[in-house]
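Chemist: What follows is protein-v4.json; its format and atoms are JSON, C-alpha atoms.
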[["chain", "number", "residue", "atom", "x", "y", "z"],
["A", 2, "MET", "CA", 87.48, -79.97, -18.49],
["A", 3, "GLU", "CA", 89.17, -79.45, -21.84],
["A", 4, "LYS", "CA", 92.84, -80.31, -21.84],
["A", 5, "SER", "CA", 95.36, -77.69, -22.82],
["A", 6, "LYS", "CA", 97.28, -78.61, -25.97],
["A", 7, "THR", "CA", 100.41, -76.87, -24.71],
["A", 8, "ARG", "CA", 101.12, -79.19, -21.79],
["A", 9, "PRO", "CA", 102.77, -82.66, -21.75],
["A", 10, "TRP", "CA", 99.89, -84.86, -20.62],
["A", 11, "SER", "CA", 101.55, -88.25, -20.97],
["A", 12, "GLN", "CA", 105.01, -87.82, -19.45],
["A", 13, "TYR", "CA", 104.10, -88.64, -15.89],
["A", 14, "ARG", "CA", 104.29, -92.00, -14.18],
["A", 15, "TYR", "CA", 103.68, -93.25, -10.70],
["A", 16, "VAL", "CA", 106.67, -94.47, -8.77],
["A", 17, "GLU", "CA", 106.99, -95.69, -5.22],
["A", 18, "VAL", "CA", 108.62, -93.32, -2.78],
["A", 19, "SER", "CA", 110.21, -94.70, 0.34],
["A", 20, "GLU", "CA", 108.76, -93.08, 3.43],
["A", 21, "THR", "CA", 111.07, -91.77, 6.14],
["A", 22, "PRO", "CA", 110.31, -89.72, 9.27],
["A", 23, "ASP", "CA", 112.92, -87.19, 8.25],
["A", 24, "ALA", "CA", 112.52, -84.06, 6.24],
["A", 25, "ASN", "CA", 114.29, -84.42, 2.91],
["A", 26, "PRO", "CA", 114.93, -81.75, 0.29],
["A", 27, "ILE", "CA", 113.75, -82.04, -3.28],
["A", 28, "ARG", "CA", 115.29, -80.31, -6.21],
["A", 29, "ALA", "CA", 114.82, -79.87, -9.93],
["A", 30, "ARG", "CA", 117.51, -81.52, -12.01],
["A", 31, "ARG", "CA", 117.89, -80.39, -15.61],
["A", 32, "GLY", "CA", 119.57, -82.30, -18.40],
["A", 33, "ARG", "CA", 120.16, -85.46, -16.34],
["A", 34, "LYS", "CA", 118.78, -88.94, -16.61],
["A", 35, "VAL", "CA", 116.52, -89.64, -13.63],
["A", 36, "THR", "CA", 116.88, -93.03, -11.99],
["A", 37, "ARG", "CA", 113.58, -94.29, -10.60],
["A", 38, "LEU", "CA", 113.48, -95.91, -7.18],
["A", 39, "ALA", "CA", 110.77, -98.36, -8.23],
["A", 40, "ILE", "CA", 108.20, -98.36, -10.99],
["A", 41, "GLY", "CA", 104.61, -99.18, -10.12],
["A", 42, "LEU", "CA", 101.23, -97.76, -9.20],
["A", 43, "GLY", "CA", 101.74, -97.35, -5.48],
["A", 44, "PHE", "CA", 102.73, -93.79, -4.56],
["A", 45, "ILE", "CA", 102.48, -90.63, -6.63],
["A", 46, "SER", "CA", 105.77, -88.83, -7.07],
["A", 47, "LEU", "CA", 107.68, -86.53, -9.34],
["A", 48, "LEU", "CA", 109.96, -87.99, -11.97],
["A", 49, "MET", "CA", 112.56, -85.55, -10.75],
["A", 50, "LEU", "CA", 112.27, -86.75, -7.17],
["A", 51, "SER", "CA", 113.42, -90.30, -7.81],
["A", 52, "SER", "CA", 116.93, -90.79, -6.46],
["A", 53, "LEU", "CA", 117.11, -87.15, -5.33],
["A", 54, "PHE", "CA", 116.22, -87.54, -1.65],
["A", 55, "ILE", "CA", 119.02, -86.67, 0.73],
["A", 56, "LEU", "CA", 118.67, -88.04, 4.24],
["A", 57, "PHE", "CA", 119.54, -85.91, 7.23],
["A", 58, "PRO", "CA", 119.55, -88.43, 10.13],
["A", 59, "GLY", "CA", 118.69, -87.38, 13.62],
["A", 60, "HIS", "CA", 115.95, -84.91, 12.78],
["A", 61, "HIS", "CA", 112.53, -86.11, 13.92],
["A", 62, "PHE", "CA", 109.49, -83.91, 14.37],
["A", 63, "SER", "CA", 106.09, -84.06, 15.99],
["A", 64, "SER", "CA", 104.59, -80.58, 15.76],
["A", 65, "CYS", "CA", 103.97, -78.79, 12.49],
["A", 66, "HIS", "CA", 106.43, -75.91, 12.51],
["A", 67, "ARG", "CA", 108.74, -74.99, 9.68],
["A", 68, "LEU", "CA", 112.24, -76.44, 9.93],
["A", 69, "ARG", "CA", 114.57, -74.16, 11.83],
["A", 70, "THR", "CA", 117.84, -75.98, 11.20],
["A", 71, "LYS", "CA", 120.11, -74.46, 8.58],
["A", 72, "PHE", "CA", 121.78, -77.20, 6.57],
["A", 73, "GLN", "CA", 124.97, -77.00, 4.57],
["A", 74, "THR", "CA", 122.89, -76.97, 1.41],
["A", 75, "GLY", "CA", 121.94, -73.40, 2.26],
["A", 76, "PHE", "CA", 118.43, -73.78, 3.65],
["A", 77, "SER", "CA", 117.31, -70.64, 5.42],
["A", 78, "PRO", "CA", 113.59, -70.81, 6.27],
["A", 79, "SER", "CA", 113.48, -67.43, 7.97],
["A", 80, "LYS", "CA", 114.25, -65.44, 4.85],
["A", 81, "GLY", "CA", 112.45, -64.99, 1.56],
["A", 82, "ASP", "CA", 114.01, -65.91, -1.77],
["A", 83, "GLU", "CA", 115.01, -63.00, -3.94],
["A", 84, "THR", "CA", 115.16, -65.11, -7.10],
["A", 85, "PRO", "CA", 112.31, -64.06, -9.43],
["A", 86, "LEU", "CA", 109.90, -66.84, -10.30],
["A", 87, "PRO", "CA", 108.90, -67.60, -13.88],
["A", 88, "GLY", "CA", 105.43, -66.69, -15.06],
["A", 89, "ARG", "CA", 104.37, -64.39, -12.28],
["A", 90, "SER", "CA", 105.79, -62.09, -9.63],
["A", 91, "GLN", "CA", 105.72, -62.43, -5.85],
["A", 92, "ALA", "CA", 103.48, -59.37, -5.68],
["A", 93, "GLU", "CA", 101.08, -60.98, -8.11],
["A", 94, "HIS", "CA", 100.91, -64.11, -5.96],
["A", 95, "ALA", "CA", 100.03, -62.16, -2.83],
["A", 96, "ASP", "CA", 97.77, -59.65, -4.51],
["A", 97, "ILE", "CA", 94.04, -60.15, -4.13],
["A", 98, "SER", "CA", 91.95, -59.42, -7.19],
["A", 99, "SER", "CA", 90.47, -55.99, -7.71],
["A", 100, "SER", "CA", 87.13, -57.19, -6.39],
["A", 101, "LYS", "CA", 86.03, -56.10, -2.97],
["A", 102, "LYS", "CA", 86.02, -59.55, -1.48],
["A", 103, "VAL", "CA", 87.68, -60.23, 1.87],
["A", 104, "PRO", "CA", 91.10, -61.92, 1.75],
["A", 105, "LEU", "CA", 91.07, -65.28, 3.56],
["A", 106, "GLU", "CA", 94.11, -67.52, 3.59],
["A", 107, "ALA", "CA", 95.18, -70.74, 5.29],
["A", 108, "HIS", "CA", 98.86, -71.69, 5.54],
["A", 109, "ILE", "CA", 99.38, -75.41, 5.99],
["A", 110, "MET", "CA", 101.61, -78.46, 5.54],
["A", 111, "SER", "CA", 99.77, -81.23, 3.70],
["A", 112, "LYS", "CA", 100.78, -84.08, 6.04],
["A", 113, "CYS", "CA", 100.15, -82.17, 9.26],
["A", 114, "PRO", "CA", 97.26, -83.23, 11.56],
["A", 115, "ASP", "CA", 96.72, -79.61, 12.60],
["A", 116, "ALA", "CA", 96.11, -78.76, 8.94],
["A", 117, "GLN", "CA", 93.38, -81.38, 8.81],
["A", 118, "ASP", "CA", 91.72, -80.02, 11.97],
["A", 119, "CYS", "CA", 92.01, -76.42, 10.81],
["A", 120, "ILE", "CA", 90.57, -76.97, 7.35],
["A", 121, "GLN", "CA", 87.80, -79.34, 8.42],
["A", 122, "LYS", "CA", 86.75, -77.67, 11.66],
["A", 123, "LEU", "CA", 87.03, -74.00, 10.69],
["A", 124, "VAL", "CA", 87.82, -73.18, 7.08],
["A", 125, "VAL", "CA", 85.47, -75.50, 5.18],
["A", 126, "PRO", "CA", 82.43, -74.94, 7.45],
["A", 127, "ALA", "CA", 82.97, -71.19, 7.19],
["A", 128, "MET", "CA", 83.48, -71.29, 3.43],
["A", 129, "GLU", "CA", 80.15, -73.06, 3.05],
["A", 130, "GLN", "CA", 78.56, -69.85, 4.27],
["A", 131, "ILE", "CA", 80.79, -67.05, 3.00],
["A", 132, "SER", "CA", 82.59, -68.40, -0.09],
["A", 133, "ASP", "CA", 81.04, -65.69, -2.29],
["A", 134, "LYS", "CA", 82.41, -62.95, -0.06],
["A", 135, "VAL", "CA", 86.06, -64.02, 0.26],
["A", 136, "ASP", "CA", 89.08, -64.47, -1.95],
["A", 137, "PHE", "CA", 90.42, -67.72, -0.54],
["A", 138, "GLU", "CA", 93.96, -68.97, -0.96],
["A", 139, "LEU", "CA", 95.61, -72.12, 0.34],
["A", 140, "SER", "CA", 99.32, -71.50, 0.95],
["A", 141, "PHE", "CA", 102.09, -73.78, 2.12],
["A", 142, "ILE", "CA", 104.95, -73.79, 4.60],
["A", 143, "ALA", "CA", 108.30, -75.23, 3.57],
["A", 144, "SER", "CA", 111.99, -74.33, 3.65],
["A", 145, "ILE", "CA", 113.77, -73.15, 0.54],
["A", 146, "SER", "CA", 117.43, -73.08, -0.42],
["A", 147, "HIS", "CA", 119.16, -69.88, -1.47],
["A", 148, "LYS", "CA", 121.99, -71.79, -3.12],
["A", 149, "SER", "CA", 119.99, -74.16, -5.29],
["A", 150, "SER", "CA", 116.45, -74.99, -6.42],
["A", 151, "ASP", "CA", 115.92, -77.29, -3.41],
["A", 152, "ILE", "CA", 112.75, -77.21, -1.36],
["A", 153, "GLN", "CA", 112.54, -79.01, 1.98],
["A", 154, "CYS", "CA", 109.28, -80.15, 3.55],
["A", 155, "LYS", "CA", 109.16, -80.98, 7.23],
["A", 156, "HIS", "CA", 107.34, -84.30, 6.94],
["A", 157, "GLY", "CA", 109.41, -85.57, 4.04],
["A", 158, "PRO", "CA", 109.14, -85.65, 0.24],
["A", 159, "GLY", "CA", 105.61, -87.04, 0.36],
["A", 160, "GLU", "CA", 104.49, -83.78, 1.95],
["A", 161, "CYS", "CA", 106.14, -81.74, -0.79],
["A", 162, "ILE", "CA", 104.20, -83.78, -3.34],
["A", 163, "GLY", "CA", 100.97, -83.28, -1.39],
["A", 164, "ASP", "CA", 101.60, -79.54, -1.26],
["A", 165, "MET", "CA", 102.21, -79.44, -4.99],
["A", 166, "LEU", "CA", 99.08, -81.45, -5.73],
["A", 167, "MET", "CA", 96.93, -78.96, -3.83],
["A", 168, "LEU", "CA", 98.67, -75.96, -5.40],
["A", 169, "CYS", "CA", 98.34, -77.42, -8.89],
["A", 170, "ALA", "CA", 94.64, -78.07, -8.26],
["A", 171, "GLN", "CA", 94.21, -74.38, -7.37],
["A", 172, "ASP", "CA", 96.14, -73.25, -10.43],
["A", 173, "LEU", "CA", 94.64, -75.49, -13.12],
["A", 174, "PRO", "CA", 92.64, -73.77, -15.87],
["A", 175, "PHE", "CA", 88.90, -74.25, -15.82],
["A", 176, "THR", "CA", 86.39, -73.82, -18.62],
["A", 177, "PRO", "CA", 82.85, -73.13, -17.35],
["A", 178, "GLU", "CA", 80.14, -75.38, -18.73],
["A", 179, "GLY", "CA", 78.70, -74.01, -21.92],
["A", 180, "GLU", "CA", 81.75, -71.81, -22.58],
["A", 181, "THR", "CA", 84.21, -72.63, -25.34],
["A", 182, "GLU", "CA", 86.73, -69.80, -25.18],
["A", 183, "LYS", "CA", 86.45, -68.46, -21.65],
["A", 184, "THR", "CA", 88.99, -70.03, -19.28],
["A", 185, "THR", "CA", 89.31, -69.16, -15.61],
["A", 186, "ARG", "CA", 91.18, -70.44, -12.60],
["A", 187, "MET", "CA", 89.86, -73.58, -10.95],
["A", 188, "PRO", "CA", 86.83, -72.68, -8.76],
["A", 189, "THR", "CA", 87.66, -72.65, -5.06],
["A", 190, "ILE", "CA", 84.81, -75.04, -4.31],
["A", 191, "ARG", "CA", 86.64, -77.66, -6.37],
["A", 192, "SER", "CA", 90.25, -77.03, -5.36],
["A", 193, "LEU", "CA", 89.44, -76.66, -1.65],
["A", 194, "GLY", "CA", 87.22, -79.72, -1.79],
["A", 195, "PHE", "CA", 90.07, -81.68, -3.36],
["A", 196, "ALA", "CA", 92.52, -80.46, -0.70],
["A", 197, "ASN", "CA", 90.08, -81.32, 2.07],
["A", 198, "CYS", "CA", 89.63, -84.78, 0.60],
["A", 199, "LEU", "CA", 93.39, -85.41, 0.68],
["A", 200, "LEU", "CA", 93.67, -84.04, 4.21],
["A", 201, "SER", "CA", 90.93, -86.40, 5.40],
["A", 202, "THR", "CA", 93.53, -89.16, 5.23],
["A", 203, "TYR", "CA", 96.69, -87.04, 5.17],
["A", 204, "SER", "CA", 98.85, -89.96, 6.31],
["A", 205, "ASP", "CA", 98.15, -91.63, 2.95],
["A", 206, "ILE", "CA", 99.33, -88.66, 0.89],
["A", 207, "PRO", "CA", 100.50, -89.10, -1.88],
["A", 208, "GLU", "CA", 99.06, -92.56, -2.58],
["A", 209, "ARG", "CA", 97.73, -92.84, -6.12],
["A", 210, "THR", "CA", 94.31, -94.21, -5.15],
["A", 211, "LEU", "CA", 93.69, -91.37, -2.72],
["A", 212, "VAL", "CA", 94.72, -88.69, -5.21],
["A", 213, "TYR", "CA", 92.75, -90.25, -8.07],
["A", 214, "ASN", "CA", 89.55, -90.65, -6.03],
["A", 215, "CYS", "CA", 89.74, -87.12, -4.61],
["A", 216, "ALA", "CA", 90.32, -85.68, -8.07],
["A", 217, "LEU", "CA", 87.38, -87.65, -9.44],
["A", 218, "GLN", "CA", 85.08, -86.55, -6.62],
["A", 219, "HIS", "CA", 85.79, -82.86, -7.12],
["A", 220, "GLY", "CA", 86.01, -82.57, -10.87],
["A", 221, "ILE", "CA", 89.78, -82.16, -11.10],
["A", 222, "ASP", "CA", 91.43, -83.42, -14.28],
["A", 223, "PHE", "CA", 93.70, -86.19, -13.01],
["A", 224, "GLU", "CA", 96.05, -86.10, -16.01],
["A", 225, "ALA", "CA", 96.34, -82.32, -15.79],
["A", 226, "LEU", "CA", 97.21, -82.65, -12.13],
["A", 227, "ASN", "CA", 99.93, -85.19, -12.95],
["A", 228, "SER", "CA", 101.34, -82.98, -15.66],
["A", 229, "CYS", "CA", 101.58, -79.98, -13.34],
["A", 230, "VAL", "CA", 103.20, -81.91, -10.48],
["A", 231, "SER", "CA", 105.70, -83.79, -12.64],
["A", 232, "LYS", "CA", 106.73, -80.83, -14.76],
["A", 233, "GLN", "CA", 110.42, -80.14, -14.11],
["A", 234, "GLU", "CA", 110.87, -76.86, -15.95],
["A", 235, "ASP", "CA", 108.62, -73.94, -16.78],
["A", 236, "ASP", "CA", 107.93, -73.05, -20.37],
["A", 237, "PRO", "CA", 108.88, -69.36, -20.89],
["A", 238, "GLY", "CA", 106.02, -69.07, -23.36],
["A", 239, "ASN", "CA", 103.46, -70.47, -20.94],
["A", 240, "ASP", "CA", 102.34, -68.60, -17.83],
["A", 241, "LYS", "CA", 101.36, -71.83, -16.08],
["A", 242, "LEU", "CA", 103.94, -72.79, -13.47],
["A", 243, "SER", "CA", 105.16, -76.25, -12.55],
["A", 244, "GLY", "CA", 104.19, -77.75, -9.21],
["A", 245, "LEU", "CA", 107.74, -77.19, -7.97],
["A", 246, "ALA", "CA", 107.68, -73.50, -8.91],
["A", 247, "LEU", "CA", 104.24, -73.10, -7.34],
["A", 248, "LEU", "CA", 105.47, -74.65, -4.09],
["A", 249, "ARG", "CA", 108.59, -72.52, -4.04],
["A", 250, "GLN", "CA", 106.52, -69.39, -4.62],
["A", 251, "SER", "CA", 104.03, -70.36, -1.92],
["A", 252, "ALA", "CA", 106.80, -71.13, 0.59],
["A", 253, "VAL", "CA", 108.43, -67.77, -0.10],
["A", 254, "HIS", "CA", 105.07, -66.06, 0.36],
["A", 255, "SER", "CA", 104.50, -67.73, 3.75],
["A", 256, "ALA", "CA", 108.05, -66.93, 4.87],
["A", 257, "ASP", "CA", 107.70, -63.29, 3.83],
["A", 258, "LEU", "CA", 104.61, -63.07, 6.04],
["A", 259, "GLY", "CA", 106.48, -64.68, 8.95],
["A", 260, "VAL", "CA", 104.15, -67.70, 8.96],
["A", 261, "SER", "CA", 105.86, -70.85, 10.24],
["A", 262, "THR", "CA", 103.08, -72.84, 11.93],
["A", 263, "SER", "CA", 100.63, -75.18, 10.25],
["A", 264, "CYS", "CA", 97.83, -74.24, 10.37],
["A", 265, "THR", "CA", 97.75, -70.44, 10.39],
["A", 266, "VAL", "CA", 94.56, -68.74, 9.20],
["A", 267, "ARG", "CA", 94.81, -65.14, 8.06],
["A", 268, "LEU", "CA", 91.81, -62.89, 7.50],
["A", 269, "ASP", "CA", 92.03, -59.51, 5.79],
["A", 270, "ASP", "CA", 95.85, -59.73, 5.86],
["A", 271, "SER", "CA", 96.08, -60.36, 9.62],
["A", 272, "VAL", "CA", 96.46, -63.55, 11.63],
["A", 273, "TRP", "CA", 93.02, -64.74, 12.64],
["A", 274, "CYS", "CA", 93.73, -68.04, 14.36],
["A", 275, "VAL", "CA", 96.43, -70.72, 14.69],
["A", 276, "ARG", "CA", 95.97, -74.46, 15.12],
["A", 277, "ASP", "CA", 99.10, -75.91, 16.74],
["A", 278, "GLY", "CA", 99.54, -79.21, 18.59],
["A", 279, "ALA", "CA", 95.80, -79.93, 18.38],
["A", 280, "VAL", "CA", 95.10, -76.65, 20.21],
["A", 281, "TRP", "CA", 93.76, -73.32, 18.92],
["A", 282, "LYS", "CA", 96.12, -70.45, 19.71],
["A", 283, "ASP", "CA", 96.40, -66.71, 19.13],
["A", 284, "CYS", "CA", 92.81, -66.50, 17.90],
["A", 285, "ALA", "CA", 91.11, -63.16, 17.35],
["A", 286, "LYS", "CA", 88.02, -61.95, 19.16],
["A", 287, "GLU", "CA", 89.39, -62.83, 22.61],
["A", 288, "GLY", "CA", 90.18, -66.38, 21.56],
["A", 289, "LYS", "CA", 86.79, -67.05, 19.98],
["A", 290, "GLY", "CA", 88.10, -66.86, 16.43],
["A", 291, "SER", "CA", 88.24, -70.65, 16.20],
["A", 292, "GLN", "CA", 84.44, -70.72, 16.20],
["A", 293, "VAL", "CA", 82.93, -70.92, 12.74],
["A", 294, "SER", "CA", 80.14, -68.51, 13.61],
["A", 295, "VAL", "CA", 82.62, -65.88, 14.79],
["A", 296, "LEU", "CA", 84.67, -66.12, 11.60],
["A", 297, "VAL", "CA", 81.55, -65.92, 9.44],
["A", 298, "GLU", "CA", 80.29, -62.90, 11.37],
["A", 299, "GLU", "CA", 83.62, -61.11, 10.95],
["A", 300, "VAL", "CA", 83.70, -61.80, 7.21],
["A", 301, "GLU", "CA", 80.15, -60.49, 6.86],
["A", 302, "LYS", "CA", 81.19, -57.34, 8.72],
["A", 303, "LEU", "CA", 84.30, -56.77, 6.62],
["A", 304, "TRP", "CA", 82.34, -57.42, 3.44],
["A", 305, "LYS", "CA", 79.82, -54.74, 4.29],
["A", 306, "GLU", "CA", 82.62, -52.29, 5.09],
["A", 307, "LYS", "CA", 84.30, -52.93, 1.75],
["A", 308, "ASN", "CA", 81.12, -52.73, -0.27]]
Is it possible to give me this structure as structure tokens?
Modeler:
Amino acid sequence: MEKSKTRPWSQYRYVEVSETPDANPIRARRGRKVTRLAIGLGFISLLMLSSLFILFPGHHFSSCHRLRTKFQTGFSPSKGDETPLPGRSQAEHADISSSKKVPLEAHIMSKCPDAQDCIQKLVVPAMEQISDKVDFELSFIASISHKSSDIQCKHGPGECIGDMLMLCAQDLPFTPEGETEKTTRMPTIRSLGFANCLLSTYSDIPERTLVYNCALQHGIDFEALNSCVSKQEDDPGNDKLSGLALLRQSAVHSADLGVSTSCTVRLDDSVWCVRDGAVWKDCAKEGKGSQVSVLVEEVEKLWKEKN
């Protein structure tokens, strides 16, 4: 894939991030020197994350639900953020293209076992059959601050990075083979394949080797991915958002829809099925919505109705 000349491709480095069981907020710092925790090729991280993790002791989690505690930093996961995002509007994020494809969306947390089950047992097998009939979007669940640019991920900063990696993969520009001027969004088959690859060993997210190998397997430009995730500010003259802005936008989108459980699958703008605590819940079609064949059949039906 041809690299964009407007993006800083060489500013990103790998640094080791200390893992904790707690959920820690990340924030964008502007105009400050960032102190790195440790330089090396172990874990992928944002330059802006180093030294910015604030520990809230006593908060340990097992299930994959959005944080419900409101911290002094102003985190309020139950409300959307009214701050406009650079590059694109909230409506644009949620809007499905003018085509008559069926909206299909999965809301996840990248280091959640239910996300792995949901994507691998339902979404991917279904997409193998109906990818040409749906507009698929992978969205993320996190808590945002209304007093700062902080974003808090339930399973710690590594999860925030994993979320951003998957969002950046979806948002990267793609030039079809044989085309020189035509640029589109990354094909779903590539971005979803990359996300599925990371989720296969979600406990290792965001290790460099895992990210590199998954990017290589699915045709994702590794340097472009790094640039997107490590980008601290958005260029007003460039409509491509940073990984942090993409995650904030995605978290706001999920919160606006009232989605707080990873994994929640939505079909045609309604909840189709939820994977929670290794159990399928609230599934459509009298609980049979967790079956791939049932989801495929419903998509085929909706497609015919729309076309």
Chemist: Residues at most 6 Å from A:Pro174, counting all atoms listed in the file, excluding those fewer than 6 positions away in the same chain, as an mmCIF file with C-alpha atoms, in the frame of the given file?
Modeler:
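part-v5.cif written:
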data_model
loop_
_atom_site.group_PDB
_atom_site.id
_atom_site.type_symbol
_atom_site.label_atom_id
_atom_site.label_comp_id
_atom_site.auth_asym_id
_atom_site.auth_seq_id
_atom_site.Cartn_x
_atom_site.Cartn_y
_atom_site.Cartn_z
ATOM 1 C CA THR A 185 89.310 -69.160 -15.610
ATOM 2 C CA ARG A 186 91.180 -70.440 -12.600
ATOM 3 C CA MET A 187 89.860 -73.580 -10.950
#
Chemist: Could you tell me how far atom CA of A:Ser201 lies from atom CA of A:Gln117, in Å and to one decimal?
Modeler: 6.5 Å
Chemist: So how many Å separate atom CA of A:Ala107 and atom CA of A:Ser228, to one decimal?
Modeler: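 Calculated distance between atom CA of A:Ala107 and atom CA of A:Ser228 is 25.0 Å.
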Chemist: Measure the distance from atom CA of A:His156 to atom CA of A:Ile109 in Å and round it to one decimal.
Modeler: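 That distance, rounded to one decimal, is 12.0 Å.
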Chemist: So, counting all atoms listed in the file, which residue among A:Lys282, A:Ala116, A:Ile221, A:Arg249 is closest to A:Thr176?
Modeler: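 Of all the options, A:Ile221 lies closest to A:Thr176.
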Chemist: For a quick check of understanding, using all atoms listed in the file, which of A:Val135, A:Cys65, A:Leu303, A:Leu242 has the smallest distance to A:Pro114?
Modeler: A:Cys65
Chemist: Distance cut-off 8 Å, centre (104.4, -79.4, 4.1) in file coordinates, counting all atoms listed in the file: which residues qualify? Return them as an mmCIF file with C-alpha atoms, keeping the file's coordinate frame.
Modeler:
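Contents of result04.cif, freshly written:
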data_model
loop_
_atom_site.group_PDB
_atom_site.id
_atom_site.type_symbol
_atom_site.label_atom_id
_atom_site.label_comp_id
_atom_site.auth_asym_id
_atom_site.auth_seq_id
_atom_site.Cartn_x
_atom_site.Cartn_y
_atom_site.Cartn_z
ATOM 1 C CA ILE A 109 99.380 -75.410 5.990
ATOM 2 C CA MET A 110 101.610 -78.460 5.540
ATOM 3 C CA SER A 111 99.770 -81.230 3.700
ATOM 4 C CA LYS A 112 100.780 -84.080 6.040
ATOM 5 C CA CYS A 113 100.150 -82.170 9.260
ATOM 6 C CA PHE A 141 102.090 -73.780 2.120
ATOM 7 C CA ILE A 142 104.950 -73.790 4.600
ATOM 8 C CA ALA A 143 108.300 -75.230 3.570
ATOM 9 C CA CYS A 154 109.280 -80.150 3.550
ATOM 10 C CA LYS A 155 109.160 -80.980 7.230
ATOM 11 C CA HIS A 156 107.340 -84.300 6.940
ATOM 12 C CA GLY A 157 109.410 -85.570 4.040
ATOM 13 C CA GLU A 160 104.490 -83.780 1.950
ATOM 14 C CA CYS A 161 106.140 -81.740 -0.790
ATOM 15 C CA GLY A 163 100.970 -83.280 -1.390
ATOM 16 C CA ASP A 164 101.600 -79.540 -1.260
#
Chemist: Contacts of A:Thr189 at 9 Å or less, counting all atoms listed in the file, minus same-chain residues fewer than 6 places along, as a list in words?
Modeler: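 Counting only the stated atoms, we get Ser132, Asp136, Phe137, Glu138 and Gln171 of chain A.
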Chemist: Between A:Val103, A:Val124, A:Cys169, A:Val260, single out the one closest to A:Ser291, counting all atoms listed in the file.
Modeler: A:Val124
Chemist: Compare A:Leu123, A:Val253, A:Leu247, A:Gly159 by their minimum atom-to-atom distance to A:Ile206, counting only C-alpha atoms, and give me the closest one.
Modeler: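 Of the candidates, the smallest distance to A:Ile206 is held by A:Gly159.
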Chemist: Restricting the calculation to all atoms listed in the file: of A:Met167, A:Ala216, A:Ile190, A:Val272, which residue gets closest to A:Glu129?
Modeler: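 Looking only at the distances to A:Glu129, the closest residue turns out to be A:Ile190.
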Chemist: Identify which of the residues A:Leu105, A:Leu245, A:Leu211, A:Cys119 lies closest to A:Ala279, counting all atoms listed in the file when measuring atom-to-atom distances.
Modeler: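 Between A:Leu105, A:Leu245, A:Leu211, A:Cys119, the residue approaching A:Ala279 most closely is A:Cys119.
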